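Contents: one structure, followed by commentary.
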Amino acid sequence: MALRAMNARSLSRAIGQVRRMSTEKPSKVLVSLAGPDRVGVVKDFSSALHKSHGNVEESRMAQLGGEFAMISLVTVRPSELADLRSELKGIFSDFSLAMRETTESQPTRMKEYVLEVDGPDSIGIVAQITQALSKKGGSIKSLDTETVPAPFAGFDLFRMKAIIDIEPEHLEELQEAVEGVGDKFGLDIASLVESPTKK
């Protein structure tokens, strides 16, 4: 009888836990990882997330200077968040790990535009361009840069591609601002065009 009562209590607790999990609204959590590049990083991350009944919404990954960096927006139930954090810390003990819950962004009148820059590499290009964007109300959603050898020119070639949010009425001012930076550094600044993913 005692064993039967114990099993009944265990079953009741398990049912209660399943019910709580089914009604619990998942949280959106931003997870960033950075550390030595090795085989299986993404697999290990995905396995840990699956173990905590989480799901990847968006993700960006890059290998830079022998290091691997990843930033992912995941959904996970609040009751599973501590377990996920513990699991990731155990798997990626030699990585830097940061996790934070996100809030839903409010609708705005901004649109996405693509900015492309090419020209001779020089110290301060990114700082000057991002400063110009900020002053004109532009918000950077993503930014990729690279420096490649250009033996025929005698200098390294700098390339940048950014996705920017800005209100359409400020687009012309922003274009003029970044072209001013381009003139200073001898860069080719392509005309800002609306991002094809957000038309």
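How things are named: the first chain in the structure tokens is A, the next is B, and so on; residues count from 1 in each chain; ligands count from 1 in the order shown.
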Quick one: pick out all strand (DSSP E or B) residues within chain A from a backbone DSSP run and write them as a PyMOL selection string.
chain A and resi 27-36+55-64+67-76+96-101+111-120+139-150+155-166+188-189+193-194
Neighbour list for Gln131 of chain A as a VMD selection string, cut-off 10 Å, only C-alpha atoms, skip fewer than 5 positions in-chain:
chain A and resid 125 to 126 136 138 177 to 178 181
Once DSSP has gone over the backbone, tell me which residues of segment 54-153 of chain A are in alpha helix (DSSP H), as JSON, numbers by chain.
{"A": [78, 79, 80, 81, 82, 83, 84, 85, 86, 87, 88, 89, 90, 91, 125, 126, 127, 128, 129, 130, 131, 132, 133, 134, 135]}
Selection near segment 81-94 of chain A, 9 Å with only C-alpha atoms, sequence-local residues under 5 positions removed, as a CSV table (one decimal) with C-alpha atoms, in the first residue's frame:
chain,number,residue,atom,x,y,z
A,27,SER,CA,11.0,33.3,-22.8
A,29,VAL,CA,16.9,34.6,-24.5
A,33,LEU,CA,29.4,32.2,-26.9
A,34,ALA,CA,33.0,32.9,-27.8
A,35,GLY,CA,36.1,30.7,-27.4
A,36,PRO,CA,38.6,28.5,-29.2
A,41,VAL,CA,30.6,23.6,-31.1
A,44,ASP,CA,27.0,20.7,-28.5
A,45,PHE,CA,25.1,23.9,-28.3
A,48,ALA,CA,22.1,21.4,-24.7
A,49,LEU,CA,19.2,23.5,-26.0
A,51,LYS,CA,17.8,18.9,-23.6
A,52,SER,CA,16.2,22.0,-22.1
A,54,GLY,CA,14.5,25.1,-26.2
A,76,VAL,CA,13.1,28.4,-23.6
A,99,MET,CA,22.7,35.0,-21.5
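Considering the residues A:Thr102, A:Gln128, A:Ser79, A:Ser142 and counting only C-alpha atoms, Glu179 of chain A has its shortest atom-to-atom contact with A:Gln128.
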Could you give me, as a VMD selection string, the residues within 8 Å of Gly119 of chain A, counting only C-alpha atoms and dropping anything in the same chain fewer than 6 positions from it?
chain A and resid 157 to 159 185 to 188
Write the residues you've just listed into a file as an mmCIF file, in the first residue's frame, and include N, CA and C atoms for each of them.
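Saved file out32.cif follows:
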data_model
loop_
_atom_site.group_PDB
_atom_site.id
_atom_site.type_symbol
_atom_site.label_atom_id
_atom_site.label_comp_id
_atom_site.auth_asym_id
_atom_site.auth_seq_id
_atom_site.Cartn_x
_atom_site.Cartn_y
_atom_site.Cartn_z
ATOM 1 N N LEU A 157 42.690 46.025 -48.915
ATOM 2 C CA LEU A 157 41.365 46.518 -49.272
ATOM 3 C C LEU A 157 40.382 46.255 -48.130
ATOM 4 N N PHE A 158 39.684 47.307 -47.733
ATOM 5 C CA PHE A 158 38.688 47.211 -46.667
ATOM 6 C C PHE A 158 37.297 47.092 -47.284
ATOM 7 N N ARG A 159 36.507 46.178 -46.755
ATOM 8 C CA ARG A 159 35.126 46.014 -47.216
ATOM 9 C C ARG A 159 34.194 45.963 -46.014
ATOM 10 N N PHE A 185 38.415 59.199 -46.409
ATOM 11 C CA PHE A 185 39.274 58.015 -46.435
ATOM 12 C C PHE A 185 39.498 57.463 -47.843
ATOM 13 N N GLY A 186 38.932 58.091 -48.860
ATOM 14 C CA GLY A 186 39.072 57.582 -50.218
ATOM 15 C C GLY A 186 38.302 56.300 -50.455
ATOM 16 N N LEU A 187 37.099 56.224 -49.906
ATOM 17 C CA LEU A 187 36.282 55.017 -50.001
ATOM 18 C C LEU A 187 35.183 55.164 -51.039
ATOM 19 N N ASP A 188 34.770 54.028 -51.596
ATOM 20 C CA ASP A 188 33.587 53.987 -52.452
ATOM 21 C C ASP A 188 32.389 53.630 -51.576
#
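Atom CA of Glu146 of chain A sits 28.2 Å away from atom CA of Ser46 of chain A.
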If we count only C-alpha atoms and set the cut-off at 10 Å, which residues sit around Asp165 of chain A, ignoring sequence neighbours fewer than 2 positions away in its own chain? Please answer as a VMD selection string.
chain A and resid 108 to 114 133 137 to 142 162 to 163 167 to 168 171 194 to 195
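Using only C-alpha atoms, the smallest distance between any of A:Thr75, A:Ala62, A:Glu172, A:Glu80 and Thr145 of chain A comes from A:Ala62.
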Between A:Ser122, A:Ser47, A:Thr130, A:Ser32, which has the minimum distance to Arg100 of chain A (counting only C-alpha atoms)?
A:Ser32
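A straight line drawn from atom CA of Gly65 of chain A to atom CA of Asp37 of chain A is 9.3 Å long.
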Which residue gives the smallest distance to Pro26 of chain A among A:His53, A:Arg77, A:Lys43, A:Arg38, with only C-alpha atoms counted?
A:Arg77
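Atom CA of Pro120 of chain A lies 10.0 Å from atom CA of Pro149 of chain A.
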Show which residues sit within 7 Å of Val74 of chain A, as a list in words. Count only C-alpha atoms, and ignore same-chain residues fewer than 4 positions away.
Lys28, Val29, Leu30, Gly54, Asn55, Val56 and Glu57 of chain A
Can you write out the residues you just picked, keeping N, CA and C atoms, as a PDB file, in the first residue's frame?
ATOM      1  N   LYS A  28      12.218  34.570 -24.536  1.00  0.00           N
ATOM      2  CA  LYS A  28      13.236  34.733 -25.566  1.00  0.00           C
ATOM      3  C   LYS A  28      14.537  35.145 -24.884  1.00  0.00           C
ATOM      4  N   VAL A  29      15.592  34.409 -25.159  1.00  0.00           N
ATOM      5  CA  VAL A  29      16.872  34.618 -24.481  1.00  0.00           C
ATOM      6  C   VAL A  29      17.977  34.762 -25.519  1.00  0.00           C
ATOM      7  N   LEU A  30      18.801  35.775 -25.339  1.00  0.00           N
ATOM      8  CA  LEU A  30      19.946  35.983 -26.214  1.00  0.00           C
ATOM      9  C   LEU A  30      21.150  35.293 -25.587  1.00  0.00           C
ATOM     10  N   GLY A  54      14.436  23.745 -25.581  1.00  0.00           N
ATOM     11  CA  GLY A  54      14.523  25.068 -26.189  1.00  0.00           C
ATOM     12  C   GLY A  54      14.561  24.989 -27.701  1.00  0.00           C
ATOM     13  N   ASN A  55      14.502  26.157 -28.327  1.00  0.00           N
ATOM     14  CA  ASN A  55      14.485  26.219 -29.782  1.00  0.00           C
ATOM     15  C   ASN A  55      15.239  27.460 -30.256  1.00  0.00           C
ATOM     16  N   VAL A  56      15.987  27.323 -31.351  1.00  0.00           N
ATOM     17  CA  VAL A  56      16.720  28.453 -31.919  1.00  0.00           C
ATOM     18  C   VAL A  56      15.793  29.253 -32.828  1.00  0.00           C
ATOM     19  N   GLU A  57      15.703  30.576 -32.584  1.00  0.00           N
ATOM     20  CA  GLU A  57      14.922  31.472 -33.436  1.00  0.00           C
ATOM     21  C   GLU A  57      15.806  32.077 -34.529  1.00  0.00           C
TER      22      GLU A  57
END
